[in-house]
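Structure data follow from my_file.txt (compact mmCIF, C-alpha atoms):
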# COMPACT_ATOMS: atom_id res chain seq x y z
CA MET W 1 -44.77 28.87 -22.75
CA THR W 2 -44.30 25.41 -21.20
CA LEU W 3 -41.11 23.57 -22.04
CA HIS W 4 -41.04 19.80 -21.89
CA PRO W 5 -38.32 18.34 -19.67
CA SER W 6 -35.24 17.09 -21.48
CA ARG W 7 -34.41 13.38 -21.62
CA MET W 8 -31.39 14.39 -19.54
CA ALA W 9 -33.70 14.77 -16.55
CA LEU W 10 -33.72 10.96 -16.41
CA VAL W 11 -29.92 10.71 -16.30
CA GLN W 12 -28.20 10.54 -12.94
CA THR W 13 -25.80 13.34 -11.99
CA PRO W 14 -22.14 12.25 -12.35
CA ILE W 15 -20.90 11.52 -8.84
CA ILE W 16 -17.20 12.35 -9.24
CA PRO W 17 -17.77 16.13 -9.62
CA VAL W 18 -20.21 16.03 -6.69
CA VAL W 19 -17.64 14.41 -4.41
CA ALA W 20 -14.87 16.67 -5.77
CA ASP W 21 -16.94 19.71 -4.79
CA LEU W 22 -17.40 18.32 -1.27
CA ILE W 23 -13.64 17.78 -1.04
CA ARG W 24 -12.95 21.38 -2.13
CA ARG W 25 -15.30 22.67 0.55
CA HIS W 26 -13.47 20.62 3.22
CA PRO W 27 -9.73 21.32 2.80
CA GLY W 28 -7.37 18.61 3.97
CA THR W 29 -9.65 15.77 2.87
CA ILE W 30 -7.83 12.68 1.61
CA SER W 31 -9.53 11.28 -1.46
CA LEU W 32 -10.08 7.55 -1.81
CA GLY W 33 -12.48 8.41 -4.59
CA GLN W 34 -11.42 8.91 -8.19
CA GLY W 35 -9.99 6.02 -10.20
CA VAL W 36 -6.63 7.27 -11.43
CA VAL W 37 -3.05 6.05 -11.07
CA TYR W 38 -0.27 7.73 -9.12
CA TYR W 39 2.23 7.85 -11.97
CA ALA W 40 2.76 10.09 -14.99
CA PRO W 41 2.83 9.05 -18.66
CA PRO W 42 5.97 7.39 -20.03
CA GLN W 43 8.65 9.61 -21.52
CA GLU W 44 8.02 7.93 -24.87
CA ALA W 45 4.54 9.50 -24.85
CA ILE W 46 5.84 12.97 -24.00
CA ALA W 47 8.57 12.70 -26.65
CA GLN W 48 5.93 12.26 -29.34
CA ILE W 49 4.60 15.78 -28.75
CA SER W 50 7.62 17.25 -30.58
CA GLU W 51 6.95 14.86 -33.44
CA PHE W 52 3.34 16.05 -33.54
CA LEU W 53 4.46 19.68 -33.70
CA ASN W 54 6.90 18.96 -36.52
CA HIS W 55 4.02 18.44 -38.96
CA PRO W 56 1.79 21.50 -39.58
CA ALA W 57 -0.92 19.30 -41.10
CA ASN W 58 -1.49 17.82 -37.63
CA HIS W 59 -3.34 21.01 -36.71
CA ARG W 60 -6.04 20.10 -39.22
CA TYR W 61 -8.72 17.44 -38.86
CA GLN W 62 -7.44 13.91 -39.28
CA ALA W 63 -9.16 10.57 -39.97
CA VAL W 64 -12.41 10.07 -38.07
CA GLU W 65 -11.36 6.56 -37.00
CA GLY W 66 -7.88 7.64 -35.88
CA ILE W 67 -4.51 8.11 -37.53
CA ALA W 68 -3.21 5.06 -39.39
CA PRO W 69 0.07 4.62 -37.44
CA LEU W 70 -1.81 4.47 -34.15
CA ARG W 71 -4.39 2.01 -35.43
CA MET W 72 -1.56 -0.19 -36.69
CA ALA W 73 0.17 -0.01 -33.29
CA ILE W 74 -3.10 -0.89 -31.56
CA ALA W 75 -3.59 -3.87 -33.89
CA THR W 76 -0.13 -5.15 -32.96
CA LYS W 77 -0.93 -4.73 -29.26
CA LEU W 78 -4.29 -6.52 -29.58
CA LYS W 79 -2.71 -9.50 -31.30
CA GLY W 80 0.16 -9.74 -28.83
CA ASP W 81 -1.46 -8.84 -25.49
CA ASN W 82 -5.06 -9.92 -26.06
CA GLY W 83 -4.68 -12.82 -28.49
CA MET W 84 -7.18 -11.18 -30.81
CA ASP W 85 -7.58 -12.02 -34.51
CA LEU W 86 -8.66 -8.80 -36.22
CA SER W 87 -10.16 -10.45 -39.29
CA ASP W 88 -13.63 -8.95 -39.94
CA ARG W 89 -12.99 -6.33 -37.26
CA ASP W 90 -12.04 -2.68 -37.23
CA VAL W 91 -10.16 -0.54 -34.71
CA VAL W 92 -11.57 2.91 -34.00
CA VAL W 93 -9.62 5.36 -31.84
CA THR W 94 -11.86 7.27 -29.42
CA ALA W 95 -11.59 10.18 -27.01
CA GLY W 96 -11.50 7.77 -24.08
CA SER W 97 -13.38 4.52 -23.61
CA ASN W 98 -16.50 6.32 -22.34
CA MET W 99 -16.85 7.68 -25.86
CA GLY W 100 -16.32 4.17 -27.17
CA PHE W 101 -19.17 2.88 -25.01
CA LEU W 102 -21.58 5.62 -26.12
CA ASN W 103 -20.54 5.02 -29.74
CA ALA W 104 -21.37 1.34 -29.32
CA ILE W 105 -24.76 1.92 -27.72
CA LEU W 106 -25.84 4.42 -30.36
CA ALA W 107 -24.60 2.13 -33.16
CA ILE W 108 -26.49 -0.99 -32.09
CA THR W 109 -29.76 0.30 -30.61
CA GLN W 110 -32.97 2.14 -31.23
CA PRO W 111 -34.77 4.10 -28.50
CA GLY W 112 -36.59 1.69 -26.21
CA ASP W 113 -34.08 -1.14 -26.63
CA GLU W 114 -32.57 -2.86 -23.59
CA ILE W 115 -28.97 -3.30 -22.49
CA ILE W 116 -28.10 -5.75 -19.72
CA LEU W 117 -25.82 -4.33 -17.03
CA LEU W 118 -24.42 -6.36 -14.16
CA THR W 119 -24.78 -4.75 -10.74
CA PRO W 120 -22.95 -2.99 -9.38
CA TYR W 121 -22.51 -1.24 -12.73
CA PHE W 122 -20.18 1.57 -13.83
CA PHE W 123 -22.32 4.69 -13.54
CA ASN W 124 -21.20 6.34 -16.80
CA GLN W 125 -22.42 3.29 -18.72
CA GLU W 126 -25.85 3.40 -17.13
CA MET W 127 -25.94 7.12 -17.96
CA ALA W 128 -24.98 6.51 -21.61
CA ILE W 129 -27.73 3.92 -22.03
CA THR W 130 -30.30 6.34 -20.64
CA ILE W 131 -29.00 9.21 -22.80
CA ALA W 132 -29.51 6.98 -25.86
CA GLY W 133 -33.17 6.50 -24.91
CA CYS W 134 -32.63 2.86 -24.02
CA ARG W 135 -33.39 0.95 -20.85
CA PRO W 136 -30.72 -0.60 -18.62
CA VAL W 137 -31.79 -4.04 -17.38
CA LEU W 138 -29.99 -4.77 -14.13
CA VAL W 139 -28.82 -8.30 -13.34
CA PRO W 140 -27.17 -8.90 -9.94
CA THR W 141 -23.77 -10.52 -9.61
CA ASP W 142 -23.23 -13.14 -6.89
CA ALA W 143 -21.89 -12.61 -3.37
CA ASN W 144 -18.34 -12.34 -4.77
CA TYR W 145 -19.46 -9.93 -7.51
CA GLN W 146 -19.07 -12.58 -10.21
CA PRO W 147 -21.52 -12.77 -13.15
CA GLN W 148 -24.33 -15.33 -13.09
CA PRO W 149 -24.85 -16.48 -16.71
CA GLU W 150 -28.17 -18.16 -15.87
CA ALA W 151 -29.54 -14.91 -14.45
CA ILE W 152 -28.30 -13.04 -17.52
CA GLY W 153 -30.06 -15.55 -19.78
CA ALA W 154 -33.30 -15.13 -17.82
CA ALA W 155 -33.16 -11.34 -18.30
CA ILE W 156 -32.95 -11.47 -22.10
CA SER W 157 -36.04 -10.18 -23.91
CA ASP W 158 -37.04 -9.33 -27.47
CA ARG W 159 -35.71 -5.80 -26.88
CA THR W 160 -32.29 -6.85 -25.55
CA ARG W 161 -29.41 -5.73 -27.75
CA ALA W 162 -26.29 -6.33 -25.65
CA VAL W 163 -24.78 -7.63 -22.44
CA VAL W 164 -22.04 -5.52 -20.83
CA THR W 165 -19.15 -6.96 -18.84
CA ILE W 166 -16.31 -5.08 -17.11
CA SER W 167 -13.30 -7.16 -16.14
CA PRO W 168 -11.28 -6.30 -14.13
CA ASN W 169 -14.28 -4.57 -12.66
CA ASN W 170 -15.14 -1.04 -11.71
CA PRO W 171 -16.35 -0.63 -8.96
CA THR W 172 -15.69 -4.00 -7.30
CA GLY W 173 -12.21 -4.99 -8.50
CA ALA W 174 -13.53 -8.46 -9.37
CA VAL W 175 -11.78 -10.33 -12.20
CA TYR W 176 -14.07 -12.54 -14.27
CA SER W 177 -12.80 -15.97 -15.20
CA GLU W 178 -12.22 -17.05 -18.78
CA ALA W 179 -14.88 -19.74 -18.32
CA VAL W 180 -17.64 -17.32 -17.29
CA LEU W 181 -16.73 -14.79 -19.99
CA ARG W 182 -16.89 -17.56 -22.58
CA LYS W 183 -20.36 -18.53 -21.31
CA ILE W 184 -21.58 -14.95 -21.59
CA ASN W 185 -20.05 -14.50 -25.04
CA HIS W 186 -21.62 -17.72 -26.29
CA LEU W 187 -24.95 -16.73 -24.73
CA CYS W 188 -24.83 -13.46 -26.67
CA ARG W 189 -24.03 -15.26 -29.91
CA ALA W 190 -26.87 -17.74 -29.39
CA HIS W 191 -29.38 -14.92 -28.82
CA ASN W 192 -28.02 -12.67 -31.60
CA LEU W 193 -26.83 -10.05 -29.08
CA TYR W 194 -23.66 -8.03 -28.79
CA HIS W 195 -21.21 -8.63 -25.98
CA ILE W 196 -19.69 -5.28 -24.95
CA SER W 197 -16.48 -6.05 -23.07
CA ASP W 198 -14.94 -3.15 -21.12
CA GLU W 199 -11.26 -3.92 -20.48
CA ALA W 200 -9.98 -0.59 -19.16
CA TYR W 201 -8.09 -2.30 -16.31
CA GLU W 202 -6.65 -5.19 -18.31
CA TYR W 203 -3.15 -4.95 -16.79
CA PHE W 204 -4.25 -4.44 -13.16
CA THR W 205 -4.50 -7.93 -11.67
CA TYR W 206 -3.18 -9.45 -8.42
CA ASP W 207 -2.88 -12.77 -6.60
CA ARG W 208 -2.59 -14.98 -9.71
CA ALA W 209 -5.72 -13.53 -11.29
CA GLN W 210 -5.48 -13.30 -15.08
CA HIS W 211 -7.27 -11.06 -17.50
CA PHE W 212 -9.09 -12.64 -20.45
CA SER W 213 -10.40 -10.84 -23.54
CA PRO W 214 -13.68 -12.25 -24.93
CA GLY W 215 -12.59 -10.92 -28.31
CA ALA W 216 -10.00 -13.72 -28.37
CA ILE W 217 -12.78 -16.35 -28.65
CA ALA W 218 -12.72 -17.92 -32.10
CA ASP W 219 -16.37 -17.29 -33.00
CA SER W 220 -16.61 -13.84 -31.38
CA PRO W 221 -15.77 -11.28 -34.13
CA ALA W 222 -19.31 -10.70 -35.43
CA HIS W 223 -20.90 -9.94 -32.04
CA THR W 224 -18.16 -8.72 -29.69
CA ILE W 225 -17.31 -5.06 -29.04
CA SER W 226 -14.13 -4.56 -26.99
CA LEU W 227 -13.33 -1.26 -25.26
CA TYR W 228 -9.90 -0.08 -24.10
CA THR W 229 -8.29 3.07 -22.74
CA LEU W 230 -4.80 4.44 -22.16
CA SER W 231 -6.01 6.52 -19.20
CA LYS W 232 -5.20 3.93 -16.55
CA ALA W 233 -2.20 1.87 -17.64
CA TYR W 234 -0.26 4.82 -19.05
CA GLY W 235 -1.31 7.67 -16.74
CA LEU W 236 -3.03 9.50 -19.61
CA ALA W 237 -6.40 10.19 -17.96
CA SER W 238 -6.73 13.84 -19.03
CA TRP W 239 -5.49 13.16 -22.56
CA ARG W 240 -8.78 11.39 -23.39
CA ILE W 241 -7.56 8.60 -25.62
CA GLY W 242 -8.90 5.07 -25.98
CA TYR W 243 -10.07 2.70 -28.68
CA MET W 244 -12.75 0.23 -29.58
CA VAL W 245 -12.60 -3.02 -31.54
CA ILE W 246 -15.84 -3.56 -33.43
CA PRO W 247 -17.33 -5.99 -35.94
CA SER W 248 -16.67 -4.54 -39.40
CA HIS W 249 -20.39 -4.27 -40.11
CA LEU W 250 -20.62 -1.55 -37.41
CA LEU W 251 -17.89 0.69 -38.81
CA THR W 252 -20.15 2.92 -40.92
CA ALA W 253 -22.50 3.54 -37.99
CA VAL W 254 -19.66 4.28 -35.57
CA MET W 255 -18.02 6.65 -38.07
CA LYS W 256 -21.28 8.61 -38.38
CA ILE W 257 -21.55 8.93 -34.61
CA GLN W 258 -17.93 9.89 -34.05
CA ASP W 259 -17.88 12.41 -36.90
CA SER W 260 -20.98 14.09 -35.45
CA ASN W 261 -19.60 14.11 -31.92
CA VAL W 262 -15.87 14.80 -32.02
CA ILE W 263 -14.92 14.65 -35.76
CA CYS W 264 -11.65 12.95 -34.84
CA PRO W 265 -9.96 12.03 -31.56
CA PRO W 266 -7.45 14.69 -30.41
CA VAL W 267 -4.49 14.17 -32.70
CA ILE W 268 -1.92 15.35 -30.16
CA SER W 269 -3.24 12.67 -27.80
CA GLN W 270 -3.00 10.09 -30.55
CA TYR W 271 0.69 10.90 -30.92
CA ALA W 272 1.13 10.50 -27.17
CA ALA W 273 -0.65 7.16 -27.45
CA LEU W 274 1.84 6.05 -30.09
CA GLY W 275 4.64 6.70 -27.63
CA ALA W 276 2.80 4.97 -24.79
CA LEU W 277 2.23 1.83 -26.84
CA ASP W 278 5.89 1.90 -27.80
CA ALA W 279 6.71 1.78 -24.07
CA GLY W 280 4.27 -1.14 -23.87
CA ALA W 281 2.55 -2.97 -21.04
CA THR W 282 5.88 -3.32 -19.23
CA TYR W 283 5.58 0.36 -18.28
CA CYS W 284 2.38 -0.31 -16.34
CA ARG W 285 3.54 -3.62 -14.90
CA ASP W 286 6.69 -1.97 -13.54
CA LYS W 287 4.45 0.41 -11.57
CA LEU W 288 2.02 -2.26 -10.45
CA GLY W 289 4.16 -3.42 -7.52
CA ALA W 290 3.64 -0.16 -5.66
CA ILE W 291 -0.13 -0.32 -6.21
CA ALA W 292 -0.20 -3.96 -5.10
CA GLU W 293 1.69 -3.01 -1.94
CA VAL W 294 -0.84 -0.29 -1.12
CA ARG W 295 -3.65 -2.76 -1.83
CA GLN W 296 -2.24 -5.28 0.66
CA LEU W 297 -1.72 -2.58 3.25
CA ILE W 298 -5.33 -1.39 2.93
CA LEU W 299 -6.74 -4.91 3.09
CA HIS W 300 -4.71 -5.55 6.23
CA GLN W 301 -5.91 -2.35 7.89
CA LEU W 302 -9.54 -3.01 7.01
CA LYS W 303 -9.48 -6.34 8.86
CA GLN W 304 -9.99 -4.45 12.09
CA ILE W 305 -13.51 -3.44 11.01
CA ASN W 306 -14.66 -6.79 9.61
CA HIS W 307 -17.55 -6.59 12.04
CA LEU W 308 -18.68 -3.25 10.59
CA CYS W 309 -18.51 -4.00 6.89
CA THR W 310 -18.22 -6.76 4.29
CA ILE W 311 -15.07 -6.31 2.20
CA SER W 312 -15.07 -7.51 -1.39
CA SER W 313 -12.43 -9.97 -2.56
CA SER W 314 -10.78 -7.71 -5.13
CA GLU W 315 -8.17 -9.21 -7.45
CA GLY W 316 -8.13 -6.51 -10.10
CA ALA W 317 -8.30 -2.81 -11.00
CA PHE W 318 -7.58 -0.61 -7.95
CA TYR W 319 -10.88 -0.65 -6.12
CA LEU W 320 -12.47 -2.22 -3.07
CA PHE W 321 -16.24 -2.30 -2.68
CA LEU W 322 -17.43 -2.27 0.91
CA LYS W 323 -20.90 -3.08 2.21
CA ILE W 324 -21.31 -1.07 5.39
CA HIS W 325 -23.49 -2.63 8.07
CA ILE W 326 -25.66 0.42 8.64
CA GLN W 327 -29.11 1.59 7.59
CA MET W 328 -28.05 4.84 5.97
CA ASP W 329 -28.12 6.29 2.48
CA SER W 330 -24.64 5.83 1.03
CA LEU W 331 -24.37 9.44 -0.16
CA GLU W 332 -25.27 10.65 3.33
CA LEU W 333 -22.51 8.43 4.73
CA VAL W 334 -20.01 9.81 2.20
CA GLU W 335 -20.96 13.39 3.07
CA ARG W 336 -20.45 12.71 6.77
CA LEU W 337 -17.08 11.03 6.18
CA ILE W 338 -15.88 14.07 4.25
CA ARG W 339 -17.38 16.68 6.55
CA GLU W 340 -16.54 15.06 9.89
CA HIS W 341 -13.49 12.89 9.15
CA ARG W 342 -11.85 14.42 6.05
CA VAL W 343 -11.83 11.26 3.96
CA ALA W 344 -13.68 10.76 0.67
CA VAL W 345 -15.07 7.59 -0.93
CA ILE W 346 -17.73 7.08 -3.61
CA PRO W 347 -21.30 6.12 -2.64
CA GLY W 348 -22.59 2.76 -3.82
CA ASN W 349 -26.01 3.96 -4.95
CA THR W 350 -24.37 5.65 -7.96
CA PHE W 351 -23.37 2.14 -9.06
CA GLY W 352 -26.96 0.90 -8.79
CA MET W 353 -26.69 -0.64 -5.32
CA GLU W 354 -29.86 0.35 -3.49
CA ASP W 355 -30.27 -2.70 -1.24
CA GLY W 356 -27.82 -1.52 1.41
CA CYS W 357 -25.09 0.99 2.16
CA TYR W 358 -22.04 0.50 -0.08
CA VAL W 359 -18.94 2.57 -0.82
CA ARG W 360 -16.13 2.27 -3.36
CA VAL W 361 -12.57 2.78 -2.15
CA ALA W 362 -9.97 3.64 -4.81
CA TYR W 363 -6.26 3.23 -4.11
CA GLY W 364 -4.43 3.60 -7.44
CA ASP W 365 -3.47 7.23 -6.78
CA LEU W 366 -2.14 6.72 -3.24
CA GLN W 367 1.40 6.72 -1.94
CA LYS W 368 1.93 4.40 1.01
CA GLU W 369 1.91 7.12 3.69
CA THR W 370 -1.25 8.73 2.29
CA ALA W 371 -2.94 5.34 2.07
CA VAL W 372 -2.23 4.64 5.74
CA GLU W 373 -3.60 8.00 6.82
CA GLY W 374 -6.62 7.81 4.50
CA ILE W 375 -7.65 4.34 5.61
CA ASP W 376 -7.09 5.25 9.26
CA ARG W 377 -9.49 8.15 8.78
CA LEU W 378 -12.00 5.89 7.03
CA ILE W 379 -11.83 3.27 9.77
CA HIS W 380 -12.13 5.85 12.54
CA GLY W 381 -14.98 7.55 10.71
CA LEU W 382 -16.93 4.34 10.20
CA LYS W 383 -16.42 3.30 13.82
CA THR W 384 -17.61 6.69 15.05
CA ILE W 385 -20.64 6.92 12.76
CA LEU W 386 -21.77 3.31 13.20
CA ASN W 387 -21.39 3.43 16.99
CA SER W 388 -23.08 6.81 17.44
In structure tokens, how does this file's structure come out?
Amino acid sequence: MTLHPSRMALVQTPIIPVVADLIRRHPGTISLGQGVVYYAPPQEAIAQISEFLNHPANHRYQAVEGIAPLRMAIATKLKGDNGMDLSDRDVVVTAGSNMGFLNAILAITQPGDEIILLTPYFFNQEMAITIAGCRPVLVPTDANYQPQPEAIGAAISDRTRAVVTISPNNPTGAVYSEAVLRKINHLCRAHNLYHISDEAYEYFTYDRAQHFSPGAIADSPAHTISLYTLSKAYGLASWRIGYMVIPSHLLTAVMKIQDSNVICPPVISQYAALGALDAGATYCRDKLGAIAEVRQLILHQLKQINHLCTISSSEGAFYLFLKIHIQMDSLELVERLIREHRVAVIPGNTFGMEDGCYVRVAYGDLQKETAVEGIDRLIHGLKTILNS
């Protein structure tokens, strides 16, 4: 009996578990890899667990789209923080924003359709598009990792269904301007496409950079899908809780997908989310100073290897994207850095960058002393490998 290969054979292997396994096999490695924050959830989130336990019905399935109090709290947040009018839109709570992205792709496409991704892309989004039987169309950003609307327009075909933007960006840390996001949103409207706006890092901006939500554009409701998560700003990564804002005409499709996949987002996590939103964006912003300090420290240290790599101008999220001046596969470089120098970063080829050797450096989880040691190891490792 011959079995046909699964469609999953076309999907890249998630890189985070691969690097995590390398770290486990090399004890003492400092990770500059995974994108998480150093701080725990707010006490308001933890306090809600008792409230969850006080109601026996919470152990049963709840609404597919999320519990009503949380959706109301999210609506208040979207109006206040994002300037979003929710007329003709619906809020759907998801088990993290990765689920929101897959929900969106499945809701708007048929197999063989195309989704435009800007390179470097977030690897889980490229994976989701492939899982759905669709084709990612890759459009390069410019030298500063900013979108090029003209290039996006040139990539649109009869099979295109959406353009994806991530701002602040993973993996580059770039923050897209309001002007360029408006151009992309209007381009999508003119071509009858969806604009999928991933805003996971909305509160993580530095050096006067400001986050802008395309969903705040007056004529955007019918074609804009906005994705959010509580994983980053509120330290709730393992709780798997996020939400999507969708045109109302997509609600039935998204409900079908979510009911088939997860039935309802974890209700205990939804209660924690209620507490987190009660704490509000101030909770994240109060922690941001420490991350900004680590960011400045790392940028200062990296100046000593300007001749060995090109360092991205990152004004958002908690990532730096480095182009290493070496002819080497980026995964091979990462393996050597872990094995020989006990420091871990993420290889750039997992983000679709095949025209050179790139690595992503994450710093949101680092205390100052660990950051100094980790970057020292990275600098020493790069000097040793590039000069060998």
One-decimal distance in Å that lies between atom CA of W:Ala233 and atom CA of W:Asn54: 27.0 Å
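Closest approach to W:His249 among W:Asp90, W:Glu335, W:Glu354, W:Glu373: W:Asp90, based on only C-alpha atoms.
In this structure, atom CA of W:Tyr61 sits 17.4 Å away from atom CA of W:Val254.
Restricting the calculation to all atoms listed in the file, the smallest distance between W:Asp286 and any of W:Thr370, W:Arg135, W:Ala63, W:Phe204 is found for W:Phe204.
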Which polymer residues have any atom within 7 Å of an atom of W:Ile241, counting all atoms listed in the file, with same-chain residues fewer than 5 positions away left out, as a compact mmCIF listing (two decimals) with C-alpha atoms, in the coordinates of the input?
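Below is the file that was written, around-v1.txt:
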# COMPACT_ATOMS: atom_id res chain seq x y z
CA THR W 94 -11.86 7.27 -29.42
CA ALA W 95 -11.59 10.18 -27.01
CA GLY W 96 -11.50 7.77 -24.08
CA THR W 229 -8.29 3.07 -22.74
CA LEU W 230 -4.80 4.44 -22.16
CA SER W 231 -6.01 6.52 -19.20
CA SER W 269 -3.24 12.67 -27.80
CA GLN W 270 -3.00 10.09 -30.55
Atom CA of W:Ser248 to atom CA of W:Leu277: how many Å, to one decimal? 23.6 Å
Which is closer to W:Ala20 than all the others in W:Lys77, W:Leu138, W:Val334, W:Ser388, using all atoms listed in the file?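 Result for the nearest residue to W:Ala20: W:Val334.
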Got a sec: who's within 6 Å of stretch 38-50 of chain W, counting only C-alpha atoms, leaving out chain neighbours fewer than 5 positions off, as a list in words?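 Near neighbours after the sequence-gap exclusion: Tyr234, Gly235, Leu236, Tyr271, Ala272, Gly275, Ala276 and Asp365 of chain W.
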Could you give me, as a PyMOL selection string, the residues within 7 Å of stretch 308-311 of chain W, counting only C-alpha atoms and dropping anything in the same chain fewer than 6 positions from it? chain W and resi 321-325
Choose the residue, out of W:Cys264, W:Val92, W:Ala317, W:Ala75, that has the smallest atom-to-atom separation from W:His59; count all atoms listed in the file.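 Of W:Cys264, W:Val92, W:Ala317, W:Ala75, the one nearest W:His59, counting all atoms listed in the file, is W:Cys264.
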Which one of W:Gly33, W:Gly352, W:Pro247, W:Pro136 sits closest to W:Ala107 if you count all atoms listed in the file? W:Pro247
With distances taken over only C-alpha atoms, which residue among W:Glu199, W:Glu114, W:Glu65, W:Asp81 lies nearest W:Ser226? W:Glu199
For stretch 176-188 of chain W, write N, CA and C atoms out as a JSON list (two decimals), in the first residue's frame.
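The new file selection12.json reads:
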[["chain", "number", "residue", "atom", "x", "y", "z"],
["W", 176, "TYR", "N", 5.54, 50.48, 11.07],
["W", 176, "TYR", "CA", 5.07, 51.06, 9.82],
["W", 176, "TYR", "C", 4.34, 52.37, 10.11],
["W", 177, "SER", "N", 4.55, 53.33, 9.25],
["W", 177, "SER", "CA", 3.93, 54.64, 9.44],
["W", 177, "SER", "C", 2.43, 54.58, 9.13],
["W", 178, "GLU", "N", 1.71, 55.53, 9.70],
["W", 178, "GLU", "CA", 0.28, 55.64, 9.38],
["W", 178, "GLU", "C", 0.08, 55.83, 7.88],
["W", 179, "ALA", "N", 0.93, 56.63, 7.26],
["W", 179, "ALA", "CA", 0.78, 56.93, 5.83],
["W", 179, "ALA", "C", 0.88, 55.67, 4.99],
["W", 180, "VAL", "N", 1.88, 54.81, 5.27],
["W", 180, "VAL", "CA", 2.06, 53.62, 4.44],
["W", 180, "VAL", "C", 0.97, 52.59, 4.72],
["W", 181, "LEU", "N", 0.51, 52.50, 5.97],
["W", 181, "LEU", "CA", -0.58, 51.58, 6.28],
["W", 181, "LEU", "C", -1.89, 52.03, 5.62],
["W", 182, "ARG", "N", -2.10, 53.33, 5.55],
["W", 182, "ARG", "CA", -3.28, 53.84, 4.84],
["W", 182, "ARG", "C", -3.21, 53.49, 3.36],
["W", 183, "LYS", "N", -2.01, 53.63, 2.76],
["W", 183, "LYS", "CA", -1.86, 53.29, 1.34],
["W", 183, "LYS", "C", -2.19, 51.82, 1.10],
["W", 184, "ILE", "N", -1.68, 50.95, 1.97],
["W", 184, "ILE", "CA", -1.92, 49.52, 1.79],
["W", 184, "ILE", "C", -3.40, 49.21, 1.99],
["W", 185, "ASN", "N", -4.01, 49.81, 2.99],
["W", 185, "ASN", "CA", -5.42, 49.57, 3.25],
["W", 185, "ASN", "C", -6.29, 50.03, 2.09],
["W", 186, "HIS", "N", -5.97, 51.19, 1.55],
["W", 186, "HIS", "CA", -6.72, 51.71, 0.40],
["W", 186, "HIS", "C", -6.47, 50.85, -0.85],
["W", 187, "LEU", "N", -5.26, 50.36, -1.00],
["W", 187, "LEU", "CA", -4.94, 49.46, -2.12],
["W", 187, "LEU", "C", -5.80, 48.20, -2.02],
["W", 188, "CYS", "N", -5.92, 47.65, -0.83],
["W", 188, "CYS", "CA", -6.75, 46.46, -0.64],
["W", 188, "CYS", "C", -8.21, 46.75, -0.97]]
